[in-house]
file input-v4.txt (compact mmCIF, C-alpha atoms)
# COMPACT_ATOMS: atom_id res chain seq x y z
CA MET A 22 0.00 0.00 0.00
CA ASN A 23 1.18 3.51 -0.69
CA ALA A 24 1.67 5.49 2.46
CA VAL A 25 0.87 9.18 2.07
CA LEU A 26 2.36 9.74 5.52
CA GLN A 27 5.11 7.58 6.95
CA LEU A 28 6.78 8.24 10.29
CA THR A 29 9.74 6.00 11.02
CA ASP A 30 11.15 5.69 14.52
CA VAL A 31 10.34 9.29 15.37
CA THR A 32 11.40 10.75 18.70
CA ARG A 33 10.84 14.22 20.06
CA VAL A 34 12.56 15.50 23.16
CA HIS A 35 11.72 18.91 24.62
CA GLY A 36 14.25 20.64 26.88
CA THR A 37 17.60 19.29 28.03
CA GLY A 38 19.21 17.80 31.09
CA ALA A 39 17.02 17.28 34.12
CA GLY A 40 14.09 19.07 32.47
CA GLU A 41 14.11 16.74 29.47
CA VAL A 42 10.64 15.63 28.36
CA HIS A 43 10.30 12.76 25.92
CA ALA A 44 7.10 13.54 24.04
CA LEU A 45 7.61 10.79 21.46
CA ARG A 46 9.82 7.78 22.08
CA GLY A 47 10.29 6.04 18.76
CA ILE A 48 7.03 6.06 16.86
CA SER A 49 6.51 4.38 13.51
CA PHE A 50 3.20 5.15 11.96
CA ALA A 51 1.66 5.31 8.50
CA ALA A 52 -1.51 6.66 6.92
CA HIS A 53 -2.36 5.36 3.48
CA ALA A 54 -4.38 6.80 0.62
CA GLY A 55 -8.08 6.33 1.27
CA GLU A 56 -7.56 5.72 4.96
CA LEU A 57 -8.66 7.68 8.01
CA VAL A 58 -6.57 6.86 11.08
CA ALA A 59 -7.56 8.04 14.54
CA VAL A 60 -4.96 8.62 17.23
CA MET A 61 -6.20 8.32 20.81
CA GLY A 62 -4.50 8.70 24.13
CA PRO A 63 -4.69 10.59 27.42
CA SER A 64 -3.31 14.12 27.58
CA GLY A 65 0.45 14.05 27.56
CA SER A 66 0.59 10.83 25.53
CA GLY A 67 2.12 12.67 22.57
CA LYS A 68 -0.79 12.70 20.15
CA SER A 69 -0.69 16.42 19.35
CA THR A 70 3.11 16.34 19.02
CA LEU A 71 2.70 13.47 16.57
CA LEU A 72 0.35 15.57 14.48
CA THR A 73 2.51 18.72 14.40
CA ILE A 74 5.53 16.63 13.39
CA ALA A 75 3.52 14.83 10.70
CA GLY A 76 2.55 18.21 9.32
CA GLY A 77 6.05 19.69 9.33
CA LEU A 78 5.12 22.31 11.96
CA ASP A 79 7.63 20.78 14.37
CA GLN A 80 10.83 18.82 13.75
CA PRO A 81 11.55 15.42 15.29
CA THR A 82 14.65 14.96 17.44
CA SER A 83 15.38 11.84 15.39
CA GLY A 84 13.64 9.67 12.82
CA ALA A 85 12.11 10.24 9.39
CA VAL A 86 8.83 11.90 8.38
CA ARG A 87 7.82 11.22 4.79
CA VAL A 88 4.86 12.87 3.11
CA GLU A 89 4.17 11.41 -0.33
CA GLY A 90 7.71 10.04 -0.34
CA THR A 91 9.47 13.32 0.55
CA ASP A 92 11.32 13.40 3.87
CA LEU A 93 10.25 16.62 5.59
CA VAL A 94 13.28 16.45 7.90
CA GLY A 95 15.70 16.86 5.00
CA LEU A 96 13.90 19.89 3.56
CA GLY A 97 14.85 23.53 3.99
CA GLN A 98 12.41 25.81 5.73
CA GLN A 99 10.99 27.26 2.51
CA GLU A 100 10.54 23.90 0.87
CA ARG A 101 8.84 22.61 3.97
CA ALA A 102 6.47 25.57 4.03
CA ARG A 103 5.64 24.89 0.40
CA MET A 104 4.98 21.24 1.19
CA ARG A 105 2.64 22.34 3.97
CA ARG A 106 0.67 24.50 1.58
CA THR A 107 0.43 22.05 -1.29
CA SER A 108 0.23 18.56 0.22
CA ILE A 109 -0.95 18.92 3.79
CA GLY A 110 -4.22 20.25 5.12
CA TYR A 111 -4.83 21.04 8.78
CA VAL A 112 -7.96 21.35 10.81
CA PHE A 113 -7.39 22.59 14.32
CA GLN A 114 -9.73 22.90 17.22
CA GLY A 115 -9.05 26.64 17.38
CA LEU A 116 -10.14 27.18 13.75
CA ASN A 117 -7.52 29.84 12.94
CA LEU A 118 -9.65 31.51 10.31
CA ILE A 119 -8.61 35.06 9.47
CA PRO A 120 -11.46 37.31 10.68
CA ALA A 121 -10.83 40.05 8.10
CA LEU A 122 -11.25 37.66 5.18
CA THR A 123 -14.47 36.14 3.84
CA ALA A 124 -14.97 32.38 3.83
CA ALA A 125 -13.91 32.17 0.17
CA GLU A 126 -10.84 34.35 0.79
CA ASN A 127 -9.81 32.26 3.79
CA VAL A 128 -10.00 29.10 1.72
CA ALA A 129 -8.26 30.65 -1.31
CA LEU A 130 -5.37 32.06 0.73
CA PRO A 131 -3.07 29.00 0.75
CA ARG A 132 -3.47 28.68 -3.03
CA GLU A 133 -2.66 32.33 -3.61
CA LEU A 134 0.37 32.05 -1.33
CA ASP A 135 1.39 29.23 -3.58
CA GLY A 136 1.47 31.59 -6.57
CA MET A 137 -1.88 30.72 -8.05
CA SER A 138 -3.84 33.53 -9.73
CA VAL A 139 -6.48 35.11 -7.53
CA ARG A 140 -9.17 34.01 -9.94
CA THR A 141 -8.17 30.35 -10.12
CA ALA A 142 -7.63 30.24 -6.37
CA ARG A 143 -11.13 31.61 -5.89
CA GLU A 144 -12.61 29.02 -8.22
CA GLU A 145 -10.92 26.27 -6.26
CA ALA A 146 -12.07 27.82 -2.99
CA LEU A 147 -15.70 27.93 -4.14
CA GLN A 148 -15.45 24.31 -5.19
CA ALA A 149 -14.09 23.35 -1.76
CA LEU A 150 -16.86 25.32 -0.02
CA GLU A 151 -19.37 23.52 -2.19
CA GLU A 152 -17.86 20.20 -1.15
CA VAL A 153 -18.39 21.01 2.52
CA GLY A 154 -21.93 22.18 1.86
CA ILE A 155 -21.66 25.95 2.44
CA ALA A 156 -21.20 27.39 -1.05
CA ASP A 157 -23.89 29.96 -0.21
CA LEU A 158 -21.79 31.38 2.66
CA ALA A 159 -18.73 32.16 0.52
CA GLU A 160 -18.95 35.94 1.06
CA ARG A 161 -19.61 35.79 4.81
CA PHE A 162 -17.01 36.74 7.38
CA PRO A 163 -16.16 34.20 10.11
CA ASP A 164 -17.83 36.31 12.81
CA ASP A 165 -21.15 36.04 10.99
CA MET A 166 -21.09 32.26 11.01
CA SER A 167 -21.96 29.59 13.56
CA GLY A 168 -19.21 27.43 15.04
CA GLY A 169 -20.19 24.55 12.80
CA GLN A 170 -20.10 26.72 9.69
CA GLN A 171 -16.69 28.11 10.63
CA GLN A 172 -15.38 24.61 11.10
CA ARG A 173 -16.67 23.73 7.64
CA VAL A 174 -14.69 26.67 6.24
CA ALA A 175 -11.62 25.34 8.07
CA ILE A 176 -12.17 21.94 6.48
CA ALA A 177 -12.60 23.51 3.05
CA ARG A 178 -9.31 25.34 3.57
CA ALA A 179 -7.66 22.06 4.60
CA VAL A 180 -8.81 20.17 1.53
CA VAL A 181 -8.59 22.88 -1.15
CA GLY A 182 -6.36 22.01 -4.10
CA GLU A 183 -6.47 18.24 -3.79
CA ARG A 184 -4.20 18.01 -0.80
CA ARG A 185 -3.67 14.36 -0.04
CA LEU A 186 -2.87 14.45 3.67
CA ILE A 187 -5.45 15.88 6.05
CA LEU A 188 -4.45 16.32 9.70
CA ALA A 189 -7.15 17.12 12.23
CA ASP A 190 -6.67 17.87 15.93
CA GLU A 191 -9.95 17.58 17.86
CA PRO A 192 -11.77 19.12 14.88
CA THR A 193 -15.17 18.79 16.47
CA GLY A 194 -14.02 20.68 19.58
CA ALA A 195 -16.90 22.61 21.04
CA LEU A 196 -19.50 21.63 18.45
CA ASP A 197 -22.69 19.85 19.40
CA THR A 198 -22.94 16.16 18.58
CA GLU A 199 -24.83 16.46 15.32
CA THR A 200 -22.72 19.30 13.92
CA GLY A 201 -19.60 17.43 15.01
CA GLU A 202 -20.72 14.32 13.19
CA GLY A 203 -21.25 16.40 10.07
CA ILE A 204 -17.60 17.51 10.27
CA LEU A 205 -16.41 13.93 10.74
CA GLY A 206 -18.55 12.93 7.77
CA LEU A 207 -16.69 15.48 5.63
CA LEU A 208 -13.30 14.16 6.73
CA ARG A 209 -14.49 10.65 6.09
CA ALA A 210 -15.74 11.54 2.61
CA ARG A 211 -12.43 13.17 1.74
CA CYS A 212 -10.57 10.02 2.74
CA ASP A 213 -13.03 7.84 0.85
CA ALA A 214 -12.17 10.00 -2.16
CA GLY A 215 -8.49 9.08 -1.83
CA ALA A 216 -6.86 11.36 0.75
CA ALA A 217 -5.10 10.05 3.85
CA GLY A 218 -6.44 11.44 7.11
CA VAL A 219 -5.12 11.52 10.66
CA LEU A 220 -7.60 12.45 13.36
CA VAL A 221 -6.40 13.17 16.88
CA THR A 222 -9.18 12.86 19.44
CA HIS A 223 -9.92 11.76 22.97
CA GLU A 224 -13.53 10.91 22.09
CA ALA A 225 -14.10 7.25 21.31
CA ARG A 226 -17.25 8.06 19.38
CA HIS A 227 -15.27 10.30 17.00
CA ALA A 228 -12.37 7.90 16.67
CA ALA A 229 -14.93 5.29 15.62
CA TRP A 230 -15.28 7.05 12.26
CA ALA A 231 -11.73 5.95 11.40
CA ASP A 232 -10.59 2.79 9.65
CA ARG A 233 -7.90 2.26 12.25
CA VAL A 234 -7.49 3.53 15.78
CA VAL A 235 -3.97 3.89 17.16
CA PHE A 236 -3.51 4.16 20.94
CA LEU A 237 -0.64 6.23 22.34
CA ARG A 238 0.72 6.07 25.88
CA ASP A 239 3.73 8.06 27.08
CA GLY A 240 5.00 8.69 23.56
CA VAL A 241 4.74 5.17 22.19
CA VAL A 242 2.10 3.27 20.24
CA VAL A 243 0.75 0.63 22.60
CA ASP A 244 -1.95 -0.87 20.43
CA GLU A 245 -4.20 -0.38 17.45
CA THR A 246 -7.49 -1.71 16.20
CA GLY A 247 -6.80 -3.43 12.91
CA THR A 248 -8.81 -3.34 9.75
CA ASP A 249 -9.89 -6.87 10.63
CA ARG A 250 -13.30 -5.80 11.82
CA VAL A 251 -15.70 -7.46 14.15
CA GLU A 252 -17.76 -8.60 11.19
CA VAL A 253 -20.53 -10.50 12.87
CA LEU A 254 -23.03 -7.69 13.21
CA THR A 255 -22.06 -6.12 9.89
CA GLU A 256 -22.66 -9.34 8.03
CA ARG A 257 -26.01 -9.88 9.65
CA ALA A 258 -27.14 -6.41 8.76
CA ASP A 259 -26.02 -6.97 5.18
CA ALA A 260 -27.97 -10.20 4.89
CA MET B 12 -33.94 -9.57 27.73
CA SER B 13 -37.62 -10.30 27.90
CA VAL B 14 -38.37 -12.33 24.77
CA LYS B 15 -41.78 -13.00 26.22
CA HIS B 16 -42.78 -9.35 26.31
CA ALA B 17 -41.24 -8.54 22.97
CA LEU B 18 -43.23 -11.30 21.27
CA LEU B 19 -46.41 -10.30 23.07
CA ALA B 20 -45.95 -6.73 21.90
CA LEU B 21 -45.62 -7.93 18.32
CA LEU B 22 -48.73 -10.11 18.68
CA GLU B 23 -50.67 -7.12 19.85
CA GLN B 24 -50.33 -5.67 16.36
CA GLU B 25 -51.63 -8.78 14.61
CA PRO B 26 -51.73 -12.58 14.96
CA MET B 27 -48.54 -14.20 13.70
CA TYR B 28 -46.78 -17.57 13.48
CA GLY B 29 -43.35 -18.41 14.87
CA TYR B 30 -41.07 -17.63 11.91
CA GLN B 31 -43.00 -14.46 11.24
CA LEU B 32 -42.49 -13.31 14.85
CA ARG B 33 -38.79 -13.96 14.65
CA ALA B 34 -38.48 -12.04 11.37
CA GLU B 35 -40.49 -9.11 12.74
CA PHE B 36 -38.43 -9.01 15.94
CA GLU B 37 -35.18 -8.95 14.00
CA ARG B 38 -36.42 -6.40 11.49
CA ARG B 39 -37.16 -3.98 14.31
CA THR B 40 -34.10 -4.57 16.45
CA GLY B 41 -31.71 -4.83 13.53
CA THR B 42 -30.60 -8.38 14.31
CA ALA B 43 -28.50 -7.12 17.20
CA TRP B 44 -29.98 -9.88 19.36
CA PRO B 45 -30.81 -12.81 17.09
CA LEU B 46 -33.52 -15.18 18.25
CA ASN B 47 -33.52 -18.81 17.25
CA VAL B 48 -36.86 -20.16 16.21
CA GLY B 49 -36.80 -22.80 18.95
CA GLN B 50 -36.65 -19.99 21.50
CA VAL B 51 -39.65 -18.38 19.82
CA TYR B 52 -41.73 -21.57 19.97
CA THR B 53 -40.78 -22.32 23.58
CA THR B 54 -41.85 -18.80 24.50
CA LEU B 55 -45.13 -19.12 22.59
CA THR B 56 -45.90 -22.36 24.45
CA ARG B 57 -45.28 -20.57 27.75
CA LEU B 58 -47.44 -17.61 26.71
CA GLU B 59 -50.24 -20.03 25.91
CA ARG B 60 -49.81 -21.85 29.22
CA ASP B 61 -50.04 -18.51 31.08
CA GLY B 62 -53.15 -17.48 29.14
CA LEU B 63 -51.46 -14.49 27.49
CA ALA B 64 -51.78 -15.84 23.93
CA VAL B 65 -53.69 -18.61 22.18
CA ALA B 66 -52.90 -20.77 19.17
CA GLY B 67 -55.69 -19.70 16.87
CA GLY B 68 -55.70 -22.21 14.03
CA GLU B 69 -53.69 -22.36 10.82
CA ASP B 70 -53.32 -19.84 8.08
CA GLY B 71 -53.76 -20.84 4.42
CA GLU B 72 -50.24 -22.29 4.27
CA GLY B 73 -50.50 -24.48 7.34
CA HIS B 74 -48.70 -22.17 9.79
CA LEU B 75 -49.94 -22.27 13.37
CA VAL B 76 -50.96 -18.67 14.10
CA TYR B 77 -50.95 -17.20 17.61
CA ARG B 78 -53.12 -14.33 18.81
CA ILE B 79 -52.93 -12.24 21.96
CA THR B 80 -55.54 -12.50 24.75
CA ASP B 81 -56.94 -9.66 26.90
CA ASP B 82 -54.60 -10.72 29.71
CA GLY B 83 -51.78 -10.58 27.16
CA ARG B 84 -52.73 -7.04 26.21
CA ALA B 85 -52.73 -5.98 29.85
CA GLU B 86 -49.30 -7.60 30.27
CA VAL B 87 -47.88 -5.65 27.30
CA ALA B 88 -49.33 -2.38 28.59
CA SER B 89 -47.80 -2.99 31.98
CA TRP B 90 -44.42 -3.88 30.39
CA PHE B 91 -44.31 -0.63 28.43
CA THR B 92 -45.22 1.46 31.45
CA THR B 93 -42.85 -0.21 33.93
CA PRO B 94 -39.23 0.97 33.87
CA VAL B 95 -36.56 -1.68 33.39
CA ALA B 96 -35.22 -2.32 36.88
CA ARG B 97 -31.66 -1.28 37.66
CA THR B 98 -31.78 -2.37 41.27
CA GLN B 99 -30.09 -5.63 40.38
CA PRO B 100 -27.68 -4.71 37.59
CA PRO B 101 -27.04 -7.54 35.16
CA ARG B 102 -23.81 -9.36 35.94
CA ASP B 103 -21.11 -7.37 34.19
CA GLU B 104 -18.27 -9.67 33.25
CA LEU B 105 -15.89 -6.84 32.48
CA ALA B 106 -16.39 -5.11 35.83
CA ILE B 107 -15.94 -8.41 37.61
CA LYS B 108 -12.84 -9.21 35.57
CA LEU B 109 -11.23 -5.86 36.39
CA ALA B 110 -12.15 -6.08 40.06
CA LEU B 111 -10.34 -9.41 40.17
CA ALA B 112 -7.46 -8.24 37.97
CA VAL B 113 -6.57 -5.42 40.40
CA THR B 114 -6.70 -7.72 43.40
CA VAL B 115 -5.18 -10.99 42.12
CA PRO B 116 -1.37 -10.66 42.26
CA GLY B 117 0.63 -10.85 39.04
CA VAL B 118 -2.08 -9.73 36.60
CA ASP B 119 -0.97 -7.11 34.06
CA VAL B 120 -3.96 -4.80 34.52
CA ASP B 121 -2.77 -2.29 31.90
CA THR B 122 -2.87 -5.00 29.28
CA VAL B 123 -6.27 -6.24 30.42
CA ILE B 124 -7.59 -2.68 30.07
CA GLN B 125 -5.94 -1.98 26.72
CA GLN B 126 -7.05 -5.22 25.13
CA GLN B 127 -10.60 -4.54 26.18
CA ARG B 128 -10.37 -0.95 24.95
CA SER B 129 -9.20 -2.12 21.51
CA ALA B 130 -11.93 -4.73 21.27
CA THR B 131 -14.67 -2.32 22.35
CA MET B 132 -13.27 0.35 20.03
CA ALA B 133 -13.40 -2.10 17.11
CA ALA B 134 -17.04 -2.82 17.93
CA LEU B 135 -17.74 0.93 18.15
CA GLN B 136 -16.15 1.35 14.71
CA ASP B 137 -18.52 -1.28 13.36
CA TYR B 138 -21.59 0.34 14.91
CA THR B 139 -20.51 3.68 13.48
CA ARG B 140 -20.07 2.14 10.04
CA LEU B 141 -23.55 0.63 10.29
CA LYS B 142 -24.97 3.98 11.39
CA ARG B 143 -23.39 5.71 8.41
CA ARG B 144 -24.77 3.10 6.09
CA ALA B 145 -28.20 3.38 7.69
CA ALA B 146 -28.07 7.16 7.32
CA GLU B 147 -27.14 6.88 3.65
CA ALA B 148 -30.04 4.52 3.06
CA ALA B 149 -32.40 6.68 5.08
CA ASP B 150 -34.31 8.05 2.10
CA GLY B 151 -37.92 7.03 2.45
CA ALA B 152 -37.16 5.84 5.97
CA GLU B 153 -39.73 3.61 7.56
CA ARG B 154 -40.41 3.31 11.20
CA ALA B 155 -38.44 0.06 11.36
CA ASP B 156 -35.33 1.91 10.12
CA LEU B 157 -35.79 4.40 12.92
CA ALA B 158 -36.11 1.52 15.38
CA TRP B 159 -32.87 -0.07 14.09
CA SER B 160 -31.08 3.24 14.22
CA LEU B 161 -32.16 3.76 17.85
CA VAL B 162 -30.91 0.28 18.71
CA LEU B 163 -27.58 1.18 17.07
CA ASP B 164 -27.43 4.38 19.11
CA SER B 165 -27.90 2.32 22.23
CA LEU B 166 -24.98 0.09 21.23
CA VAL B 167 -22.87 3.17 20.44
CA PHE B 168 -23.61 4.78 23.82
CA GLY B 169 -22.90 1.51 25.61
CA ALA B 170 -19.53 1.01 23.90
CA GLU B 171 -18.61 4.64 24.44
CA ALA B 172 -19.45 4.42 28.14
CA GLU B 173 -17.37 1.28 28.47
CA ILE B 174 -14.32 2.94 26.88
CA ARG B 175 -14.73 5.99 29.12
CA TRP B 176 -14.91 3.73 32.14
CA LEU B 177 -11.73 1.91 31.01
CA ASP B 178 -9.94 5.28 30.59
CA HIS B 179 -11.11 6.19 34.07
CA CYS B 180 -9.87 2.90 35.55
CA GLU B 181 -6.50 3.36 33.89
CA ALA B 182 -6.12 6.93 35.16
CA ARG B 183 -7.05 5.90 38.70
CA LEU B 184 -4.65 2.97 38.69
CA ARG B 185 -1.85 5.25 37.51
CA ARG B 186 -2.62 7.76 40.23
CA ALA B 187 -2.71 5.00 42.82
CA ALA B 188 0.68 3.74 41.59
CA VAL B 189 2.19 7.22 41.90
CA GLU B 190 0.77 7.70 45.39
CA GLN B 191 2.02 4.32 46.48
CA GLY B 192 5.46 5.17 45.08
CA ARG B 193 5.48 8.41 47.08
CA ALA B 194 4.36 6.70 50.25
CA ALA B 195 7.10 4.12 49.84
CA ALA B 196 9.73 6.84 49.28
CA ARG B 197 8.84 8.67 52.51
CA PRO B 198 10.66 7.68 55.72
CA PRO B 199 8.27 5.44 57.67
CA ALA B 200 8.21 7.71 60.76
CA ALA B 201 7.11 10.69 58.67
CA ALA B 202 4.28 8.79 57.05
CA PRO B 203 2.25 6.88 59.57
CA ARG B 204 -0.55 5.12 57.77
CA PRO B 205 -3.83 5.56 59.60
CA VAL B 206 -5.22 2.28 60.85
CA GLY B 207 -7.55 0.69 58.36
CA GLU B 208 -6.36 2.61 55.30
CA ALA B 209 -5.90 0.19 52.44
CA PRO B 210 -2.75 0.45 50.36
CA ALA B 211 -3.21 1.48 46.71
CA ARG B 212 -4.18 -1.54 44.73
CA GLY B 213 -3.17 -2.74 41.32
CA ALA B 214 0.01 -0.64 41.27
CA ARG B 215 3.05 -2.19 39.79
call {"tool": "encode", "arguments": {"input": "input-v4.txt", "output": "structure tokens"}}
result
Amino acid sequence: MNAVLQLTDVTRVHGTGAGEVHALRGISFAAHAGELVAVMGPSGSGKSTLLTIAGGLDQPTSGAVRVEGTDLVGLGQQERARMRRTSIGYVFQGLNLIPALTAAENVALPRELDGMSVRTAREEALQALEEVGIADLAERFPDDMSGGQQQRVAIARAVVGERRLILADEPTGALDTETGEGILGLLRARCDAGAAGVLVTHEARHAAWADRVVFLRDGVVVDETGTDRVEVLTERADA
Amino acid sequence: MSVKHALLALLEQEPMYGYQLRAEFERRTGTAWPLNVGQVYTTLTRLERDGLAVAGGEDGEGHLVYRITDDGRAEVASWFTTPVARTQPPRDELAIKLALAVTVPGVDVDTVIQQQRSATMAALQDYTRLKRRAAEAADGAERADLAWSLVLDSLVFGAEAEIRWLDHCEARLRRAAVEQGRAAARPPAAAPRPVGEAPARGAR
């Protein structure tokens, strides 16, 4: 299988000497095309560190991080930033939408930064907004939208331009159950369409949307649920 | 589970024969709790013995059809209006297993917890997949689809609660281990243990 994201023996140590904190202690982890992987673990288990390293926002102390075959560790800062804009989409709990820009402008921004013409970037942005079901809100500013709508804009911005790796950190944050499930449905659909997704969450019910669930404890992977599903009930319902 | 009451409730709608009852039961509960037909017939015999249903002759194809009696109707009404008792919780194998795991020496409780968490998570993934599929097929939803989807929700909530409880157990065991470590590190004179206080359990 072709891994869109491949972490090999990744460690991350914060601080030095007596204050040394080992956030990740040798993690190998892959997310393949068409797959949504959930990462679960108690706070301090390293799940958010894993995500920032996978996305090139932080550098590992040792180990390799490959996105579509390119090792992010070996890249210069500019190349890494370019990789982040073209191949990797993020959805954070804190949204990080720019309040002075409309929904369409927020979504188009990474494409424009990438040198795309304003017009083409806008077309792509509108398409992404359509995909997440809020094409009609393209000219709204974030402040005039509900939390769920803003999170949809954030997802559109994460998926715009066919990015093949989607990283999401508690993307359903403060949303109510139904709105949250809508967001997970969008992530799921994007992965079904061929992207690789990594979803960090502490909610079992959200992790259950994934194909695989990886459990972290103290910076190591302790277990995962395989793709070998408990088929009994599924088969009966199919019959 | 009360098969007796479930079958009576179905009979209240219309007279049915054994296979029909089983099919109807499974259609509404989404085959989460399959019934074998022997169980259905044993229950029907008991319902007849207790005067709650009667075998009312054969249909055109030779099936023995059962119908509900007035006593049966009263029984169904009382079942629907009486809450399911929680005073005697059903024996919970997992809770019993963990209670023993933290007290029997030499058991790797972390592994017991994690293996259960993975297994329950895998089941939760399946329920979620089924829910998605049910939602996709929801166009022109009938009442039976709603019933199945509510049953799925119940399974989802149950699995979720179990995982939360496992997380909770793990966190408490870790805390207990840390406290025990601290107590052991203190000089004995400085840390008199009050009489009757149990040492932290399950810590390794």
call {"tool": "residues_around", "arguments": {"input": "input-v4.txt", "residues": "stretch 147-159 of chain A", "least_positions_apart": "3", "cutoff": "10 Å", "atoms": "only C-alpha atoms", "output": "PyMOL selection string"}}
result
chain A and resi 123-129+141-144+162-163+165-166+170-183+203-204+206-208+210-211
call {"tool": "residues_around", "arguments": {"input": "input-v4.txt", "residues": "stretch 84-93 of chain B", "least_positions_apart": "2", "cutoff": "7 Å", "atoms": "only C-alpha atoms", "output": "JSON, numbers by chain"}}
result
{"B": [16, 19, 20, 23, 79, 80, 81, 82, 95]}
call {"tool": "interface_residues", "arguments": {"input": "input-v4.txt", "of": "chain B", "to": "chain A", "cutoff": "8 Å", "atoms": "all atoms listed in the file", "output": "PDB file with C-alpha atoms, in the coordinates of the input"}}
result
ATOM      1  CA  GLY B  41     -31.710  -4.830  13.530  1.00  0.00           C
ATOM      2  CA  THR B  42     -30.600  -8.380  14.310  1.00  0.00           C
ATOM      3  CA  ALA B  43     -28.500  -7.120  17.200  1.00  0.00           C
ATOM      4  CA  GLN B 125      -5.940  -1.980  26.720  1.00  0.00           C
ATOM      5  CA  SER B 129      -9.200  -2.120  21.510  1.00  0.00           C
ATOM      6  CA  ALA B 130     -11.930  -4.730  21.270  1.00  0.00           C
ATOM      7  CA  MET B 132     -13.270   0.350  20.030  1.00  0.00           C
ATOM      8  CA  ALA B 133     -13.400  -2.100  17.110  1.00  0.00           C
ATOM      9  CA  ALA B 134     -17.040  -2.820  17.930  1.00  0.00           C
ATOM     10  CA  LEU B 135     -17.740   0.930  18.150  1.00  0.00           C
ATOM     11  CA  GLN B 136     -16.150   1.350  14.710  1.00  0.00           C
ATOM     12  CA  ASP B 137     -18.520  -1.280  13.360  1.00  0.00           C
ATOM     13  CA  THR B 139     -20.510   3.680  13.480  1.00  0.00           C
ATOM     14  CA  ARG B 140     -20.070   2.140  10.040  1.00  0.00           C
ATOM     15  CA  LEU B 141     -23.550   0.630  10.290  1.00  0.00           C
ATOM     16  CA  VAL B 167     -22.870   3.170  20.440  1.00  0.00           C
ATOM     17  CA  GLU B 171     -18.610   4.640  24.440  1.00  0.00           C
ATOM     18  CA  ILE B 174     -14.320   2.940  26.880  1.00  0.00           C
ATOM     19  CA  ARG B 175     -14.730   5.990  29.120  1.00  0.00           C
TER      20      ARG B 175
END
call {"tool": "residues_around", "arguments": {"input": "input-v4.txt", "residues": "B:Gln50", "least_positions_apart": "3", "cutoff": "12 Å", "atoms": "all atoms listed in the file", "output": "PyMOL selection string"}}
result
chain B and resi 13-15+18+29-30+32-33+45-47+53-57
call {"tool": "residues_around", "arguments": {"input": "input-v4.txt", "residues": "B:Ile124", "least_positions_apart": "4", "cutoff": "9 Å", "atoms": "all atoms listed in the file", "output": "JSON, numbers by chain"}}
result
{"B": [109, 119, 120, 128, 129, 177, 178, 180, 181]}
call {"tool": "residues_near_point", "arguments": {"input": "input-v4.txt", "point": "(6.5, 10.1, 5.8)", "cutoff": "7 Å", "atoms": "only C-alpha atoms", "output": "PyMOL selection string"}}
result
chain A and resi 25-28+85-92
call {"tool": "atom_distance", "arguments": {"input": "input-v4.txt", "atom1": "atom CA of A:Val31", "atom2": "atom CA of A:Ile48"}}
result
4.9 Å
call {"tool": "atom_distance", "arguments": {"input": "input-v4.txt", "atom1": "atom CA of B:Leu75", "atom2": "atom CA of B:Phe36"}}
result
17.7 Å
call {"tool": "atom_distance", "arguments": {"input": "input-v4.txt", "atom1": "atom CA of A:Ala195", "atom2": "atom CA of A:Val221"}}
result
14.7 Å
call {"tool": "residues_near_point", "arguments": {"input": "input-v4.txt", "point": "(9.4, 6.3, 18.3)", "cutoff": "7 Å", "atoms": "only C-alpha atoms", "output": "list in words"}}
result
Asp30, Val31, Thr32, Leu45, Arg46, Gly47, Ile48, Ser49 and Val241 of chain A
call {"tool": "decode", "arguments": {"input": "input-v4.txt", "residues": "stretch 156-181 of chain B", "atoms": "C-alpha atoms", "output": "PDB file, in the first residue's frame"}}
result
ATOM      1  CA  ASP B 156     -35.333   1.910  10.123  1.00  0.00           C
ATOM      2  CA  LEU B 157     -35.793   4.404  12.916  1.00  0.00           C
ATOM      3  CA  ALA B 158     -36.110   1.518  15.381  1.00  0.00           C
ATOM      4  CA  TRP B 159     -32.874  -0.070  14.092  1.00  0.00           C
ATOM      5  CA  SER B 160     -31.083   3.241  14.221  1.00  0.00           C
ATOM      6  CA  LEU B 161     -32.159   3.763  17.851  1.00  0.00           C
ATOM      7  CA  VAL B 162     -30.912   0.284  18.714  1.00  0.00           C
ATOM      8  CA  LEU B 163     -27.584   1.179  17.067  1.00  0.00           C
ATOM      9  CA  ASP B 164     -27.434   4.384  19.112  1.00  0.00           C
ATOM     10  CA  SER B 165     -27.901   2.318  22.231  1.00  0.00           C
ATOM     11  CA  LEU B 166     -24.979   0.090  21.234  1.00  0.00           C
ATOM     12  CA  VAL B 167     -22.866   3.168  20.444  1.00  0.00           C
ATOM     13  CA  PHE B 168     -23.606   4.780  23.817  1.00  0.00           C
ATOM     14  CA  GLY B 169     -22.901   1.508  25.610  1.00  0.00           C
ATOM     15  CA  ALA B 170     -19.532   1.011  23.895  1.00  0.00           C
ATOM     16  CA  GLU B 171     -18.611   4.641  24.445  1.00  0.00           C
ATOM     17  CA  ALA B 172     -19.449   4.422  28.140  1.00  0.00           C
ATOM     18  CA  GLU B 173     -17.373   1.276  28.471  1.00  0.00           C
ATOM     19  CA  ILE B 174     -14.325   2.942  26.876  1.00  0.00           C
ATOM     20  CA  ARG B 175     -14.731   5.986  29.120  1.00  0.00           C
ATOM     21  CA  TRP B 176     -14.907   3.734  32.136  1.00  0.00           C
ATOM     22  CA  LEU B 177     -11.735   1.912  31.012  1.00  0.00           C
ATOM     23  CA  ASP B 178      -9.944   5.277  30.591  1.00  0.00           C
ATOM     24  CA  HIS B 179     -11.112   6.192  34.065  1.00  0.00           C
ATOM     25  CA  CYS B 180      -9.867   2.901  35.551  1.00  0.00           C
ATOM     26  CA  GLU B 181      -6.501   3.355  33.891  1.00  0.00           C
TER      27      GLU B 181
END
